[in-house]
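Please read the structure below before turning to the comments.
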Amino acid sequence: MDTLVRATALSRHFGRHPALADVELTLDTGQVLGLLGPNGAGKSTCLRLLAGVLAPSSGRVQILGIDLARQPRLAKRQLGYLPERPPLHPELRVNEYLRFCARLRGIPRERLASSVDAAKHRCGLDRVGHQRIDTLSKGYQQRLGIAQAIIHRPRVLILDEPTEGLDPYQIRALRALIRDLAHDCGIILSSHILPEVQAVCDRVMILHRGRVRYDGYPAADHSPHLWRIRLGAPEQGERLRAADCLDQVSALTEDRYRVVLKDGASAADLARELVTVGVDLHELQPERSDLERVFFDLTGAEESA
Ligand SMILES: Nc1ncnc2c1ncn2[C@@H]1O[C@H](COP(=O)(O)OP(=O)(O)OP(=O)(O)O)[C@@H](O)[C@H]1O
C-alpha cells in the first residue's frame, strides 16, 4: 500500500507555547484519518503543517516520499487543502472561481474547462456553476471549498473541520462525498465532534494540548460482547452474576456493571434473561470503546461511573 503522508517528530511552537509536540503520523491510500480534539488541541496547526502553509519548529513531512520543506512545489502538487475558513471569493460565480483556482494550480489552458467540470461534478455542484458564491448555502460553499481543493486531482486531501456549521442533512451529504473522494486518495480531516469522526474515519488520532493521546481504529476497538448495565436496586447484583449468558461481571458502582457476554449470546438474550429472573434493568448500553473513553476523559465529559 502507498504511504501518502509521513510526518516524523512534528512540532510547532508559537513563542514559548507548544501548539504541537512530537506528532508521528502516516496516511495510506483509501484511508480517512480523523484528527479529533477539543478547541485549542492543535488540530489546525497540525493540518497547516501537513499542508505546507506553516513551517514546523522541528520535524519533517513527506508527501509521497517528497520532503515538503525541501521541495514544496513538487510536494504540494499532490496536496489539496480546505482551511478552516474556505478561501472563497463571494462576488465570483462558481465557474469563475474554480477556473481561477485551476489556473493558480498551473492547469494548462486546454484542460481548464474539463478540470472545472470534473471537480464540480465530483462535489455535486453541476447545477450551480453560474451562481454567485455569496448566494450559495453554507453546505454548498463547503462543497465548493472541497472542489477547489481537488481541482488538480491531488493524492492527499486535508480538510479542516469540513462539516462545521452545517445542518444534519448537509453533514450527511458531505460525509458521503468524503467517503467517495477517499476511493482514490487519502484524506486527513479534523473535528471536535466524536460521532463525526466515528461516522467517516477509518482511523482516529486524538490530540490534546498538542500531543497525540490516542491513535487507533474505531471500528476495531468496539467489541459486540461488552455492555454496560444499570440495575434498579443494588441488591440485584447477585442475580446478575448468575445470568447464564454472561461470561464476566465487574461492578463499577453498587448499581452499575460492566459485563462480557458469552460467545453466541446477544444483548437481547441478556435482557430477556434478566427480566425473567426479576431484575429491574434500567439501562443496557454498549460499553464505550477505548476511543470514547479517552475522548470523554480528556474533554471532562466522562460520567462518574
Ligand atoms: N498563529 C498563532 N499564534 C499564536 N498561537 C497560536 C497561533 N495559532 C494557534 N495558536 C495556538 O496554538 C494552540 C493550538 O491551536 P489550533 O488552532 O491548532 O487548535 P485547534 O485544535 O485547531 O482548535 P479549534 O478547534 O479551536 O480550531 C492554541 O493554544 C492556539 O491558541
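Every chain in the C-alpha cells has a letter given in the order shown (A, B, ...), and although residue numbers restart at 1 in each chain, ligands are simply numbered from 1 in the order shown.
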
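Excluding Gly65 (chain A) itself and same-chain residues fewer than 3 positions from it, the residues having an atom within 10 Å of it are A:Asp2, A:Thr3, A:Leu4, A:Val5, A:Arg6, A:Val61, A:Gln62, A:Leu68, A:Ala75, counting only C-alpha atoms.
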
Legend entry - Residues within 7 Å of region 38-42 of chain A, only C-alpha atoms, excluding chain neighbours under 6 positions, as a PyMOL selection string: chain A and resi 19-20+192+207-210+299

Legend entry - Who sits within 9 Å of region 172-174 of chain A, only C-alpha atoms, same chain under 4 positions skipped, as a PyMOL selection string: chain A and resi 123+139+142-143+162-163+167-168+178-179

Inset, instruction - Using only C-alpha atoms and all ligand atoms, find the one residue out of A:Ile193, A:Val204, A:Ala69, A:Leu82 that sits nearest to ligand 1. - result: A:Ile193

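Minimum distance to ligand 1 across A:Met205, A:Ala268, A:Leu136, A:Cys245 (counting only C-alpha atoms and all ligand atoms) occurs at A:Met205.
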
Inset, instruction - Find the residues around Ser44 (chain A) up to 10 Å (only C-alpha atoms counted), leave out those fewer than 5 positions away in its own chain, and share them as a count of residues only. - result: 14

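Here CA of Pro86 (chain A) is placed at a distance of 24.7 Å from CA of Ser11 (chain A).
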